[in-house]
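J.: The following file, coords03.txt, comprises compact mmCIF, C-alpha atoms and all ligand atoms:
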```txt
# COMPACT_ATOMS: atom_id res chain seq x y z
CA MET A 5 0.00 0.00 0.00
CA ARG A 6 1.20 3.49 -0.84
CA ILE A 7 0.04 6.37 1.32
CA ALA A 8 0.77 10.05 0.81
CA VAL A 9 0.68 12.44 3.76
CA ILE A 10 0.08 16.15 3.47
CA ASN A 11 0.71 18.56 6.31
CA ALA A 12 -0.44 21.96 5.12
CA GLY A 13 0.47 24.91 7.34
CA SER A 14 -0.48 28.52 6.78
CA SER A 15 2.49 29.11 4.46
CA SER A 16 4.00 25.64 4.08
CA LEU A 17 3.23 22.24 2.66
CA LYS A 18 4.96 19.04 3.73
CA PHE A 19 4.48 16.02 1.52
CA LYS A 20 5.62 12.45 2.23
CA LEU A 21 4.93 9.28 0.31
CA PHE A 22 5.21 5.98 2.20
CA ASP A 23 5.41 2.37 1.15
CA MET A 24 3.47 0.90 4.06
CA GLN A 25 4.87 -2.62 3.66
CA THR A 26 8.40 -1.40 4.37
CA LYS A 27 7.42 1.86 6.16
CA LYS A 28 9.99 3.51 3.88
CA VAL A 29 9.64 7.10 2.65
CA LEU A 30 9.59 6.99 -1.15
CA GLN A 31 9.34 10.72 -1.69
CA GLU A 32 9.54 13.78 0.53
CA GLU A 33 8.96 17.45 -0.24
CA LEU A 34 8.88 20.56 1.90
CA ILE A 35 7.63 23.76 0.33
CA GLU A 36 7.79 26.89 2.46
CA HIS A 37 6.89 30.58 2.15
CA ILE A 38 3.75 29.82 0.10
CA GLY A 39 1.90 33.03 -0.73
CA GLU A 40 4.63 35.26 0.69
CA LYS A 41 6.05 38.17 -1.28
CA GLY A 42 8.50 37.00 -3.94
CA ALA A 43 7.84 33.31 -3.16
CA LYS A 44 7.93 30.61 -5.83
CA PHE A 45 4.32 29.54 -5.20
CA SER A 46 1.39 31.83 -4.65
CA SER A 47 -1.00 29.13 -3.39
CA HIS A 48 -1.14 25.64 -1.88
CA HIS A 49 -2.67 24.53 -5.16
CA ASP A 50 0.38 25.63 -7.14
CA ALA A 51 2.69 24.11 -4.53
CA LEU A 52 1.01 20.69 -4.71
CA GLU A 53 0.80 20.95 -8.48
CA SER A 54 4.61 21.26 -8.54
CA ILE A 55 5.14 17.93 -6.77
CA ASP A 56 5.90 15.30 -9.37
CA VAL A 57 3.92 12.29 -8.16
CA ASP A 58 1.75 9.70 -9.85
CA PHE A 59 -1.44 9.91 -7.79
CA SER A 60 -2.93 6.90 -9.59
CA SER A 61 -0.46 4.65 -7.71
CA ILE A 62 -1.52 5.95 -4.28
CA ASP A 63 -4.14 4.25 -2.08
CA ALA A 64 -5.00 7.20 0.15
CA ILE A 65 -3.88 10.68 1.11
CA GLY A 66 -3.69 11.42 4.82
CA HIS A 67 -4.06 14.99 6.02
CA ARG A 68 -2.97 16.43 9.31
CA VAL A 69 -5.83 18.47 10.75
CA VAL A 70 -5.03 20.29 13.96
CA HIS A 71 -8.48 20.55 15.57
CA GLY A 72 -11.16 17.87 15.57
CA GLY A 73 -13.15 19.53 18.35
CA GLU A 74 -15.67 17.25 20.07
CA ILE A 75 -16.94 16.06 16.70
CA PHE A 76 -14.06 13.86 15.57
CA LYS A 77 -12.99 11.18 18.02
CA GLU A 78 -11.34 9.17 15.23
CA SER A 79 -9.68 9.72 11.86
CA VAL A 80 -12.21 9.92 9.02
CA ILE A 81 -12.51 9.67 5.26
CA VAL A 82 -13.34 13.14 4.00
CA ASP A 83 -16.47 13.77 1.95
CA THR A 84 -18.37 17.01 1.41
CA GLU A 85 -20.28 16.68 4.67
CA ILE A 86 -17.14 15.91 6.71
CA LEU A 87 -15.33 18.83 5.12
CA SER A 88 -18.07 21.26 6.12
CA LEU A 89 -18.04 19.81 9.66
CA ILE A 90 -14.28 20.40 9.85
CA GLU A 91 -14.90 23.95 8.64
CA THR A 92 -17.23 24.58 11.58
CA LEU A 93 -14.19 24.06 13.83
CA ASN A 94 -12.19 26.92 12.30
CA PRO A 95 -12.93 29.30 15.21
CA LEU A 96 -11.22 26.81 17.56
CA ALA A 97 -7.98 26.84 15.50
CA PRO A 98 -8.12 29.93 13.27
CA LEU A 99 -4.45 29.77 12.27
CA HIS A 100 -4.22 26.06 11.56
CA ASN A 101 -7.50 24.45 10.45
CA PRO A 102 -8.16 26.71 7.41
CA ALA A 103 -4.72 25.80 6.04
CA ASN A 104 -5.33 22.10 6.68
CA ILE A 105 -8.68 22.37 4.87
CA GLU A 106 -7.01 24.13 1.97
CA GLY A 107 -4.60 21.17 1.74
CA ILE A 108 -7.54 18.72 1.60
CA LYS A 109 -9.34 20.73 -1.09
CA VAL A 110 -6.24 21.01 -3.25
CA ALA A 111 -5.56 17.25 -2.94
CA GLN A 112 -9.21 16.49 -3.78
CA SER A 113 -8.97 18.54 -6.95
CA LYS A 114 -5.67 16.93 -7.91
CA ALA A 115 -6.68 13.35 -7.05
CA PRO A 116 -10.49 13.22 -7.00
CA LYS A 117 -10.73 9.41 -7.02
CA ILE A 118 -8.40 8.79 -4.07
CA ALA A 119 -9.61 8.54 -0.46
CA GLN A 120 -8.64 11.60 1.56
CA VAL A 121 -8.32 10.85 5.27
CA ALA A 122 -8.34 13.52 7.97
CA VAL A 123 -6.17 12.70 11.00
CA PHE A 124 -6.61 15.12 13.90
CA ASP A 125 -4.06 16.27 16.48
CA THR A 126 -6.80 16.13 19.09
CA THR A 127 -8.30 12.64 18.68
CA PHE A 128 -5.68 10.77 20.73
CA HIS A 129 -6.85 12.80 23.72
CA ALA A 130 -10.54 12.00 23.17
CA THR A 131 -10.12 9.34 25.88
CA MET A 132 -9.49 11.95 28.61
CA PRO A 133 -12.05 11.70 31.40
CA LYS A 134 -14.38 14.64 31.94
CA GLU A 135 -12.56 15.74 35.09
CA ALA A 136 -9.42 16.14 32.94
CA TYR A 137 -10.96 18.01 30.04
CA MET A 138 -13.34 20.37 31.83
CA TYR A 139 -12.29 23.82 33.01
CA ALA A 140 -13.74 25.07 36.28
CA LEU A 141 -15.75 27.70 34.40
CA PRO A 142 -19.52 28.25 34.18
CA HIS A 143 -20.96 25.14 32.60
CA GLU A 144 -22.62 27.01 29.72
CA LEU A 145 -19.19 27.94 28.39
CA TYR A 146 -18.73 24.24 27.73
CA GLU A 147 -22.32 23.55 26.66
CA GLU A 148 -22.71 26.52 24.34
CA HIS A 149 -19.17 27.33 23.25
CA LYS A 150 -17.37 23.99 23.63
CA ILE A 151 -14.74 25.63 25.83
CA ARG A 152 -12.87 22.65 27.28
CA ARG A 153 -9.44 21.08 27.10
CA TYR A 154 -8.74 19.17 23.87
CA GLY A 155 -4.99 18.54 23.84
CA PHE A 156 -2.73 18.50 20.78
CA HIS A 157 0.35 16.68 19.39
CA GLY A 158 -1.87 13.58 19.52
CA THR A 159 -0.23 11.84 16.55
CA SER A 160 3.17 12.26 18.17
CA HIS A 161 2.11 11.05 21.64
CA SER A 162 0.32 8.12 20.02
CA TYR A 163 3.28 7.16 17.82
CA VAL A 164 5.95 7.31 20.52
CA SER A 165 3.74 5.52 23.07
CA LYS A 166 3.37 2.53 20.73
CA GLU A 167 7.10 2.54 19.96
CA ALA A 168 7.84 2.74 23.70
CA ALA A 169 5.60 -0.24 24.44
CA LYS A 170 7.50 -2.20 21.76
CA GLU A 171 10.84 -1.26 23.35
CA LEU A 172 9.53 -2.28 26.75
CA GLY A 173 8.28 -5.58 25.32
CA GLN A 174 4.78 -4.87 26.63
CA SER A 175 1.42 -4.56 24.92
CA ILE A 176 0.37 -0.93 24.55
CA GLU A 177 -2.96 -1.80 26.21
CA SER A 178 -1.17 -2.53 29.47
CA THR A 179 1.44 0.22 29.35
CA ASN A 180 1.50 3.40 31.45
CA LEU A 181 3.71 6.21 30.17
CA ILE A 182 4.45 9.89 30.47
CA THR A 183 5.32 11.10 26.98
CA LEU A 184 7.17 14.40 26.67
CA HIS A 185 6.96 16.02 23.25
CA LEU A 186 9.49 18.82 23.68
CA GLY A 187 9.89 20.87 20.52
CA ASN A 188 9.27 24.49 19.67
CA GLY A 189 5.71 23.65 20.66
CA ALA A 190 5.70 21.26 23.61
CA SER A 191 3.28 19.08 25.55
CA VAL A 192 3.23 16.26 28.09
CA CYS A 193 0.76 13.39 28.08
CA ALA A 194 -0.25 10.95 30.80
CA ILE A 195 -1.00 7.60 29.18
CA GLU A 196 -2.77 4.84 31.10
CA ASN A 197 -3.09 1.44 29.45
CA GLY A 198 -2.24 3.02 26.10
CA LYS A 199 -4.82 5.82 26.37
CA SER A 200 -4.39 9.52 27.00
CA ILE A 201 -5.90 10.45 30.38
CA ASP A 202 -4.46 13.95 30.63
CA THR A 203 -2.27 16.33 28.66
CA SER A 204 -0.76 19.74 29.18
CA MET A 205 -2.14 21.59 26.15
CA GLY A 206 -5.77 22.62 26.51
CA PHE A 207 -8.42 24.57 24.60
CA THR A 208 -5.54 25.71 22.38
CA PRO A 209 -1.85 24.76 22.16
CA LEU A 210 -1.06 27.74 24.42
CA GLU A 211 -1.59 25.95 27.74
CA GLY A 212 0.99 23.97 29.64
CA LEU A 213 4.75 23.99 29.22
CA VAL A 214 7.08 26.93 28.63
CA MET A 215 7.56 26.77 24.84
CA GLY A 216 9.65 28.53 22.18
CA SER A 217 7.43 31.60 22.03
CA ARG A 218 4.29 30.53 23.95
CA CYS A 219 3.90 31.22 27.64
CA GLY A 220 2.15 27.99 28.69
CA ASP A 221 0.34 28.14 32.05
CA ILE A 222 -0.16 31.63 33.44
CA ASP A 223 -2.68 33.27 35.73
CA PRO A 224 -5.55 34.21 33.36
CA ALA A 225 -5.97 37.48 35.28
CA ILE A 226 -2.77 38.65 33.54
CA VAL A 227 -4.76 38.75 30.30
CA LEU A 228 -7.37 40.99 31.93
CA TYR A 229 -4.66 43.22 33.38
CA MET A 230 -2.98 43.64 29.98
CA GLN A 231 -6.29 44.72 28.49
CA ARG A 232 -7.61 46.84 31.35
CA GLU A 233 -4.45 48.52 32.65
CA MET A 234 -2.15 48.44 29.61
CA GLY A 235 -4.83 49.01 26.96
CA LEU A 236 -3.75 46.08 24.77
CA SER A 237 -6.21 44.88 22.15
CA VAL A 238 -7.29 41.25 21.83
CA ALA A 239 -4.92 40.80 18.86
CA GLU A 240 -2.03 42.35 20.80
CA VAL A 241 -2.57 40.10 23.81
CA ASP A 242 -2.79 37.11 21.46
CA LYS A 243 0.56 38.09 19.96
CA VAL A 244 2.19 38.56 23.36
CA LEU A 245 1.08 35.15 24.62
CA ASN A 246 1.65 33.11 21.46
CA LYS A 247 4.52 34.84 19.69
CA LYS A 248 6.48 36.90 22.20
CA SER A 249 6.52 34.76 25.34
CA GLY A 250 8.13 31.47 26.35
CA LEU A 251 11.90 31.25 25.90
CA LEU A 252 11.76 34.17 23.48
CA GLY A 253 10.06 36.40 26.01
CA ILE A 254 12.39 35.45 28.84
CA CYS A 255 15.74 35.62 27.04
CA GLY A 256 15.14 36.93 23.51
CA ALA A 257 15.65 33.63 21.63
CA ASN A 258 13.24 30.75 21.04
CA ASP A 259 15.67 28.10 19.85
CA VAL A 260 16.87 25.87 22.71
CA ARG A 261 20.13 25.04 20.96
CA SER A 262 21.12 28.70 20.76
CA VAL A 263 19.85 29.45 24.29
CA LEU A 264 21.98 26.59 25.67
CA LYS A 265 25.12 28.05 24.08
CA ARG A 266 24.73 31.32 25.99
CA GLU A 267 26.02 31.94 29.48
CA ASP A 268 24.03 35.01 30.48
CA GLU A 269 21.48 35.17 33.27
CA SER A 270 18.35 35.42 31.12
CA ALA A 271 19.29 32.37 29.04
CA ASP A 272 19.98 30.44 32.24
CA LEU A 273 16.63 31.53 33.69
CA ALA A 274 14.74 30.54 30.51
CA ILE A 275 16.15 27.00 30.59
CA LYS A 276 15.52 26.65 34.33
CA MET A 277 11.90 27.74 33.87
CA LEU A 278 11.35 25.33 30.98
CA VAL A 279 12.85 22.43 32.95
CA ARG A 280 10.93 23.23 36.15
CA ARG A 281 7.59 23.30 34.30
CA VAL A 282 8.32 19.91 32.71
CA GLN A 283 9.24 18.48 36.12
CA LYS A 284 5.99 19.79 37.64
CA TYR A 285 3.91 18.09 34.95
CA ILE A 286 5.78 14.79 35.27
CA GLY A 287 5.25 14.85 39.03
CA ALA A 288 1.55 15.58 38.62
CA TYR A 289 1.10 12.82 36.06
CA MET A 290 3.00 10.34 38.22
CA ALA A 291 0.46 11.10 40.94
CA LEU A 292 -2.40 10.42 38.51
CA LEU A 293 -0.95 7.25 37.01
CA GLY A 294 0.53 5.60 40.11
CA ARG A 295 2.64 3.21 38.03
CA VAL A 296 4.74 4.68 35.22
CA ASP A 297 6.55 2.18 32.98
CA ALA A 298 8.70 4.85 31.31
CA LEU A 299 9.22 8.53 30.73
CA VAL A 300 9.46 9.02 26.96
CA PHE A 301 11.28 12.01 25.51
CA THR A 302 10.60 13.11 21.95
CA GLY A 303 10.48 16.24 19.72
CA GLY A 304 13.49 18.33 18.65
CA ILE A 305 14.56 19.09 22.23
CA GLY A 306 13.50 15.79 23.79
CA GLU A 307 15.30 13.74 21.14
CA ASN A 308 18.47 15.79 20.83
CA SER A 309 19.24 17.63 24.04
CA GLU A 310 20.85 15.41 26.62
CA TYR A 311 21.36 18.51 28.73
CA ILE A 312 17.62 19.20 28.99
CA ARG A 313 16.79 15.53 29.59
CA GLU A 314 19.41 15.32 32.36
CA ALA A 315 18.20 18.56 33.91
CA VAL A 316 14.60 17.33 33.97
CA LEU A 317 15.68 13.99 35.46
CA GLN A 318 17.52 15.72 38.34
CA SER A 319 14.35 15.46 40.41
CA PRO A 320 14.85 12.72 43.01
CA LEU A 321 11.25 11.64 42.35
CA PHE A 322 12.26 10.40 38.89
CA ARG A 323 15.44 8.62 40.02
CA ASP A 324 14.09 5.12 39.49
CA SER A 325 12.15 5.89 36.31
CA LYS A 326 12.94 4.11 33.10
CA VAL A 327 13.73 6.71 30.46
CA LEU A 328 13.33 6.25 26.71
CA VAL A 329 14.26 8.63 23.90
CA ILE A 330 12.17 7.98 20.80
CA LYS A 331 12.23 9.89 17.53
CA THR A 332 8.71 10.92 16.68
CA ASP A 333 7.21 10.39 13.23
CA GLU A 334 3.89 12.17 12.94
CA GLU A 335 3.64 11.55 9.19
CA LEU A 336 4.12 7.79 9.59
CA GLU A 337 1.46 7.79 12.31
CA ILE A 338 -0.92 9.62 9.93
CA ALA A 339 -0.13 7.12 7.16
CA GLY A 340 -0.81 4.25 9.60
CA GLU A 341 -4.15 5.83 10.47
CA CYS A 342 -5.03 5.92 6.75
CA VAL A 343 -4.35 2.20 6.46
CA ARG A 344 -6.47 1.51 9.56
CA VAL A 345 -9.38 3.63 8.26
CA LEU A 346 -9.24 2.01 4.79
CA GLN A 347 -9.17 -1.47 6.31
CA SER A 348 -12.06 -0.77 8.69
CA ARG A 349 -14.07 0.47 5.68
CA LYS A 350 -13.55 -2.92 4.03
CA ASP A 351 -14.56 -4.92 7.17
P1 LIG A 401 10.85 20.77 16.84
O1 LIG A 401 9.79 21.84 16.99
O2 LIG A 401 10.39 19.43 17.32
O3 LIG A 401 11.45 20.73 15.48
O4 LIG A 401 12.03 21.18 17.83
C1 LIG A 401 12.73 22.39 17.70
C2 LIG A 401 13.54 22.65 18.96
O5 LIG A 401 14.48 21.57 19.14
C3 LIG A 401 14.35 23.93 18.89
O6 LIG A 401 14.23 24.63 20.13
C4 LIG A 401 15.76 23.44 18.70
O7 LIG A 401 16.72 24.30 19.24
C5 LIG A 401 15.72 22.14 19.51
N1 LIG A 401 16.85 21.27 19.17
C6 LIG A 401 17.09 20.61 18.02
N2 LIG A 401 18.29 19.96 18.09
C7 LIG A 401 18.81 20.24 19.30
C8 LIG A 401 20.01 19.88 19.99
N3 LIG A 401 20.92 19.09 19.43
N4 LIG A 401 20.18 20.36 21.24
C9 LIG A 401 19.27 21.16 21.82
N5 LIG A 401 18.12 21.52 21.24
C10 LIG A 401 17.90 21.08 19.99
```
Represent the structure contained in this file as structure tokens.
Ligand code: AMP

T.:
Amino acid sequence: MRIAVINAGSSSLKFKLFDMQTKKVLQEELIEHIGEKGAKFSSHHDALESIDVDFSSIDAIGHRVVHGGEIFKESVIVDTEILSLIETLNPLAPLHNPANIEGIKVAQSKAPKIAQVAVFDTTFHATMPKEAYMYALPHELYEEHKIRRYGFHGTSHSYVSKEAAKELGQSIESTNLITLHLGNGASVCAIENGKSIDTSMGFTPLEGLVMGSRCGDIDPAIVLYMQREMGLSVAEVDKVLNKKSGLLGICGANDVRSVLKREDESADLAIKMLVRRVQKYIGAYMALLGRVDALVFTGGIGENSEYIREAVLQSPLFRDSKVLVIKTDEELEIAGECVRVLQSRKD
């Protein structure tokens, strides 16, 4: 079986073609700066058009879709009705979902006979119990506006948890893990018997850890203060929290590698804050899980930075924990989901 995976961002398009028998990547393309001034491609359509691939030899195209809301608890084959349902979720992920939808539409026009499968970042966390996903806010905010925790990076947490179970020689259904996806965006997941029971990202990917340029957990009253006392608009506050905070806000750089090379106080503080927040989440999830078979590091920082891993593991609470470092592969996970969805259609 040959599966193509498309990850369409606001100005980028990642394309990978897999042979699912061997799990080998047959073709890989990354097109960036789509639609930007002076760029080679003015639209996702032109970008995909430029990829030289024989769509007639492909069994399905998997699409990363960031937000599945409460509607999508599994990956789905996209038809007109599904596409309009995904569109209703745009307000929940205004930066990401419209780009993902654009990717689906372009692929549909290019390969109209091939199954398009939507794989959501949120579905892995659909198993969270209500006490994990509810905010302590007036209930109508959930009922009427679907304000709740969703969690993200689901394909990554799912992929590395299954790989971890294999390394441990256990079935995923009986494995408890804390998976740490530490990249520019970062999240932690508590996995009980193979299922997500809690995760650090929430209604949006802003909650949780200290990230490259996102603040993670803060007192929400700070948002009110910025608006009331500093006169910031909604868009300005959004920019502060998502684009100017995290490591960037603390020390002026968002790239862990470059922050680690520095010796000044603000760089030191940024790393200490990142590490401390990770430790707090691990501790909390250990309390929830009771038994943890392994802590699993992944993502650009988790996979590559021994310094950060060692710093996190300094906590005496984690001394006896088994630690695994597993390279994530979100595209392969999406391709695997396509195979599963196609096979369940046949059953
Ligand atoms: P990602 O978003 O998963 O691509 O991860 C990006 C982050 O990983 C950036 O902060 C990089 O600085 C960090 N990173 C990548 N390689 C290394 C490394 N060898 N040491 C420390 N951080 C790294």

J.: Excluding Tyr137 (chain A) and residues on its chain fewer than 2 positions from it, collect all residues at most 8 Å away from it, counting all atoms listed in the file, and give them as a list in words.

T.: Met132, Pro133, Lys134, Glu135, Tyr139, Arg152, Arg153, Tyr154, Asp202 and Gly206 of chain A

J.: Gly72 (chain A): which residues within 8 Å, counting only C-alpha atoms, same-chain residues fewer than 6 positions away excluded, as a PyMOL selection string?

T.: chain A and resi 90+93+124-127

J.: Please, which residues have at least one atom within 7 Å of an atom of ligand LIG 401 (chain A), using only C-alpha atoms and all ligand atoms, listed as an mmCIF file with C-alpha atoms, in the frame of the given file?

T.:
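Written file, result-v8.cif:
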```
data_model
loop_
_atom_site.group_PDB
_atom_site.id
_atom_site.type_symbol
_atom_site.label_atom_id
_atom_site.label_comp_id
_atom_site.auth_asym_id
_atom_site.auth_seq_id
_atom_site.Cartn_x
_atom_site.Cartn_y
_atom_site.Cartn_z
ATOM 1 C CA LEU A 186 9.490 18.820 23.680
ATOM 2 C CA GLY A 187 9.890 20.870 20.520
ATOM 3 C CA ASN A 188 9.270 24.490 19.670
ATOM 4 C CA GLY A 189 5.710 23.650 20.660
ATOM 5 C CA GLY A 216 9.650 28.530 22.180
ATOM 6 C CA ASN A 258 13.240 30.750 21.040
ATOM 7 C CA ASP A 259 15.670 28.100 19.850
ATOM 8 C CA VAL A 260 16.870 25.870 22.710
ATOM 9 C CA ARG A 261 20.130 25.040 20.960
ATOM 10 C CA SER A 262 21.120 28.700 20.760
ATOM 11 C CA GLY A 303 10.480 16.240 19.720
ATOM 12 C CA GLY A 304 13.490 18.330 18.650
ATOM 13 C CA ILE A 305 14.560 19.090 22.230
ATOM 14 C CA ASN A 308 18.470 15.790 20.830
ATOM 15 C CA SER A 309 19.240 17.630 24.040
#
```

J.: What is the distance between CA of Met5 (chain A) and CA of Ile65 (chain A), in Å to one decimal?

T.: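 These atoms are spaced 11.4 Å apart.
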
J.: CA of Leu299 (chain A) and CA of Ile286 (chain A), how far apart in Å?

T.: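 Computing the Euclidean distance for CA of Ile286 (chain A) and CA of Leu299 (chain A) yields 8.5 Å.
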
J.: Ranking A:Val70, A:Leu336, A:Leu317, A:Ala97 by minimum distance to Lys284 (chain A) and counting only C-alpha atoms, which one comes first?

T.: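 Once distances to Lys284 (chain A) are computed over only C-alpha atoms, the minimum belongs to A:Leu317.
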
J.: Find the residues with any atom within 9 Å of (-0.5, 8.0, 12.1); use all atoms listed in the file and the coordinates as given in the file, and write the answer as an MDAnalysis selection string.

T.: chainID A and resid 66 123 159:160 162:163 333:343

J.: What gap, in Å, lies between CA of His143 (chain A) and CA of Ala239 (chain A)?

T.: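 Interatomic distance here is 26.3 Å.
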
J.: Measuring between all atoms listed in the file, which one of A:Ile7, A:Cys193, A:Val82, A:Ala64 shows the shortest distance to Gln31 (chain A)?

T.: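 Among the listed residues, the smallest separation from Gln31 (chain A) belongs to A:Ile7.
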
J.: Counting all atoms listed in the file, I want the residues whose atoms come within 6 Å of (3.4, 12.5, 21.4) in the file frame, returned as number ranges by chain.

T.: A: 157-158, 160-162, 164, 185

J.: Assuming 4 Å of padding per side, give the centre and edge lengths of the axis-aligned box around every listed atom of region 250-260 of chain A, in Å to one decimal and as AutoDock Vina command-line options.

T.:
```
--center_x 12.5 --center_y 31.4 --center_z 24.3 --size_x 16.7 --size_y 19.1 --size_z 17.0
```

J.: Could you tell me which of A:Lys27, A:Lys18, A:His48, A:Arg266 comes closest to His67 (chain A) if we count only C-alpha atoms?

T.: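 Smallest distance to His67 (chain A) is found for A:Lys18.
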
J.: If we count all atoms listed in the file and set the cut-off at 8 Å, which residues sit around Ile81 (chain A), ignoring sequence neighbours fewer than 6 positions away in its own chain? Please answer as a ChimeraX atom specification.

T.: /A:119-122,345

J.: Determine the nearest neighbour of Met290 (chain A) from the options A:Ile182, A:Gln231, A:Pro95, A:Lys170, counting all atoms listed in the file.

T.: A:Ile182

J.: Go through A:Pro98, A:Phe45, A:Pro116, A:Glu147 one by one, measure the shortest atom-to-atom distance of each to Asp83 (chain A) using only C-alpha atoms, and give the residue with the smallest value.

T.: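 Among A:Pro98, A:Phe45, A:Pro116, A:Glu147, it is A:Pro116 that comes nearest to Asp83 (chain A).
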
J.: Measuring atom to atom with all atoms listed in the file, identify which of A:Arg344, A:Thr84, A:Val279, A:Asn180 is nearest to Ile312 (chain A).

T.: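 Using all atoms listed in the file, Ile312 (chain A) sits closest to A:Val279.
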
J.: Report as a list in words all protein, DNA and RNA residues lying within 9 Å of Ser175 (chain A), evaluated on only C-alpha atoms, omitting residues in the same chain fewer than 3 positions from it.

T.: Lys166, Ala169, Lys170, Leu172, Ser178, Thr179, Asn197 and Gly198 of chain A

J.: Could those selected residues go to a file with C-alpha atoms, as a PDB file, in the frame of the given file?

T.:
```
ATOM      1  CA  LYS A 166       3.370   2.530  20.730  1.00  0.00           C
ATOM      2  CA  ALA A 169       5.600  -0.240  24.440  1.00  0.00           C
ATOM      3  CA  LYS A 170       7.500  -2.200  21.760  1.00  0.00           C
ATOM      4  CA  LEU A 172       9.530  -2.280  26.750  1.00  0.00           C
ATOM      5  CA  SER A 178      -1.170  -2.530  29.470  1.00  0.00           C
ATOM      6  CA  THR A 179       1.440   0.220  29.350  1.00  0.00           C
ATOM      7  CA  ASN A 197      -3.090   1.440  29.450  1.00  0.00           C
ATOM      8  CA  GLY A 198      -2.240   3.020  26.100  1.00  0.00           C
TER       9      GLY A 198
END
```
